[in-house]
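Reviewing the structure listed below.
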Amino acid sequence: MFGLAAVVGCSTALTSATGGESATPAETTVAPTTAPPTTVAPTTTSTTTTTTSTTTTTTTTTSTLPASIIEVPVVDPPLAAIGTSDGDEAARIQARLIELGFWVSGADGDYGLTTRQAVMAFQKYMGFNDPDGKVDEPTAAALTNMDLRPVSRANSGTLVEIDKGKQLLYFVIDGKTEWVLNASTGNGQSYTEPDQNTPGEIISGVSLTPSGLHNVNRERPEGWWEGDLGEIYRPKYFVGGVAVHGSNSIPNYPASHGCVRVSVPAMDWIWESGIMPMDSPVWVHDGA
């Protein structure tokens with residue numbers, strides 16, 4: 001027996017708080033009015049001072065950065081390429097990732113899951129060809145020499161921004177990009193799979209994370225839930241059956257049925273920090 005074809009979602013027929021099934025929305029490309037894309041570049045202001053007693057003219061140039069762009073110091077001594085080794089240098093790398101806004105559970109020197117995810121997110125942000133979560137020489141050099149915190153496309157408002165091009169999730173607070181998480185969205189491929197909640201039925205659809213401005217409209221706070229297309233952890237739904245949720249697989253490419261996967265520890269942090277409450281705007285776009 002075949003079920004209705006689904007367009008998006010990790011869970012295509014979840015029951016809402018009012019007892020009804022969530023509808024599958026149409027694809028939208030509406031950009032948010034509270035946080036539009038930005039291409040603002042740093043501006044410079046030149047001040048010229050001339051003294052009448054000498055022939056010397058002094059020109060002073062100062063850099064004025066937009067409020068959404070934050071400078072950070074270069075690391076000294078430089079960070080070392082450690083692969084995925086534990087130890088003091090791993091703790092330095094973790095501290096640097098946190099300083100830059102790539103979320104890590106702590107700077108404890110244990111090169112575990114959240115560190116690998118943060119390094120992968122950094123590599124994605126920098127446009128590395130093969131973001132693998134390991135600190136090689138190019139990654140160590142980039143982490144050392146980065147002098148500006150990462151920025152999303154939104155430069156105003158408080159929202160969750162999902163960049164499908166970079167496969168990253170940003171938390172923007174008052175126009176500033178506070179945190180960046182590794183993410184995996186829908187891969188755009190067609191699928192035909194068994195319905196995990198209805199034995200004997202088949203679900204067919206397209207693994208699509210719908211672009212546009214949405215908002216968190218329901219959530220499930222505790223543990224793992226059996227969605228129609230597999231288990232999802234502590235989901236926060238923002239359109240139909242599509243949610244940001246924890247997963248045990250967040251690769252460096254789009255791999256979901258339409259939901260936005262983050263690591264299980266990252267999802268716990270999202271809940272515990274309160275950074276993504278109900279009604280939070282969620283802006284999904286294709287990137288540059």
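Labels for the structure tokens follow display order: chains A, B, ..., residues from 1 in each chain, ligands from 1.
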If we count only C-alpha atoms, what is near Lys124 (chain A) at a cut-off of 10 Å, once residues fewer than 5 positions away on the same chain are taken out, given as an NGL selection string?
:A and (118-119 or 129-133 or 165-168 or 182 or 252-253)
Could the residues of region 122-169 of chain A that have an atom at most 10 Å from region 210-213 of chain A be listed as a Markdown table, each with its closest atom pair and the distance in Å to one decimal, counting only C-alpha atoms and ordered by chain and ascending residue number?
| residue | atom | partner | partner_atom | distance |
| --- | --- | --- | --- | --- |
| A:Leu159 | CA | A:Leu213 | CA | 9.9 |
| A:Val160 | CA | A:Leu213 | CA | 9.9 |
| A:Glu161 | CA | A:Leu213 | CA | 9.3 |
| A:Ile162 | CA | A:Ser211 | CA | 9.0 |
| A:Asp163 | CA | A:Ser211 | CA | 9.4 |
| A:Lys164 | CA | A:Ser211 | CA | 8.8 |
Keeping only C-alpha atoms, write the selected residues to a file as a PDB file, in the first residue's frame.
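result34.pdb written:
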ATOM      1  CA  LEU A 159      16.676  34.832  14.018  1.00  0.00           C
ATOM      2  CA  VAL A 160      17.911  31.397  13.010  1.00  0.00           C
ATOM      3  CA  GLU A 161      19.515  31.454   9.564  1.00  0.00           C
ATOM      4  CA  ILE A 162      20.069  28.275   7.553  1.00  0.00           C
ATOM      5  CA  ASP A 163      22.446  28.515   4.606  1.00  0.00           C
ATOM      6  CA  LYS A 164      21.854  25.534   2.322  1.00  0.00           C
TER       7      LYS A 164
END
Selection: 7 Å around Ile173 (chain A), only C-alpha atoms, excl. self and same-chain fewer than 3 positions, as a list in words:
Gly157, Thr158, Leu159, Lys176, Thr177 and Glu178 of chain A
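DSSP on the backbone gives strand (DSSP E or B) for these parts of region 75-161 of chain A: Gly83, Phe102, Val135, Leu148, Ala154, Leu159, Val160 and Glu161 of chain A.
Closest approach to Met278 (chain A) from the set A:Pro235, A:Gly175, A:Pro251, A:Pro199 is made by A:Pro235, with distances taken over only C-alpha atoms.
Neighbours of region 83-85 of chain A closer than or equal to 6 Å, with only C-alpha atoms counted and sequence neighbours fewer than 6 positions away skipped, come out as A:Tyr111, A:Lys134, A:Val135, A:Asp136.
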Determine which residues of region 168-269 of chain A DSSP labels as alpha helix (DSSP H) from the backbone of this structure, then write them out as a PyMOL selection string.
chain A and resi 264-269
Writer output for current selection, all heavy atoms, as a compact mmCIF listing (two decimals), in the first residue's frame:
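again-v7.txt, written as the output of this step:
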# COMPACT_ATOMS: atom_id res chain seq x y z
N VAL A 264 23.57 15.86 18.32
CA VAL A 264 22.74 15.68 19.51
C VAL A 264 23.18 16.63 20.63
O VAL A 264 22.34 17.29 21.26
CB VAL A 264 22.77 14.20 19.97
CG1 VAL A 264 22.15 14.04 21.36
CG2 VAL A 264 22.01 13.33 18.96
N PRO A 265 24.50 16.76 20.94
CA PRO A 265 24.90 17.73 21.96
C PRO A 265 24.52 19.16 21.60
O PRO A 265 24.14 19.95 22.47
CB PRO A 265 26.42 17.57 22.04
CG PRO A 265 26.69 16.20 21.54
CD PRO A 265 25.66 15.96 20.48
N ALA A 266 24.61 19.52 20.31
CA ALA A 266 24.22 20.86 19.90
C ALA A 266 22.73 21.08 20.12
O ALA A 266 22.29 22.16 20.55
CB ALA A 266 24.58 21.10 18.44
N MET A 267 21.92 20.05 19.85
CA MET A 267 20.47 20.18 20.06
C MET A 267 20.15 20.33 21.54
O MET A 267 19.26 21.11 21.91
CB MET A 267 19.74 18.97 19.46
CG MET A 267 18.26 19.25 19.19
SD MET A 267 18.07 20.46 17.86
CE MET A 267 16.57 21.30 18.41
N ASP A 268 20.87 19.61 22.39
CA ASP A 268 20.68 19.78 23.83
C ASP A 268 21.02 21.21 24.25
O ASP A 268 20.30 21.82 25.06
CB ASP A 268 21.57 18.79 24.60
CG ASP A 268 21.01 17.37 24.60
OD1 ASP A 268 19.79 17.20 24.45
OD2 ASP A 268 21.81 16.43 24.74
N TRP A 269 22.10 21.74 23.70
CA TRP A 269 22.49 23.12 24.02
C TRP A 269 21.43 24.11 23.54
O TRP A 269 21.11 25.07 24.25
CB TRP A 269 23.84 23.44 23.38
CG TRP A 269 24.17 24.89 23.41
CD1 TRP A 269 24.59 25.63 24.49
CD2 TRP A 269 24.08 25.81 22.31
NE1 TRP A 269 24.77 26.95 24.12
CE2 TRP A 269 24.47 27.08 22.80
CE3 TRP A 269 23.72 25.68 20.98
CZ2 TRP A 269 24.50 28.21 21.98
CZ3 TRP A 269 23.75 26.81 20.15
CH2 TRP A 269 24.14 28.05 20.66
Do you have the CA of Gly101 (chain A)-CA of Glu222 (chain A) distance handy?
26.6 Å
Counting only C-alpha atoms, the residue among A:Trp271, A:Asn145, A:Glu201, A:Val206 that lies closest to Arg220 (chain A) is A:Trp271
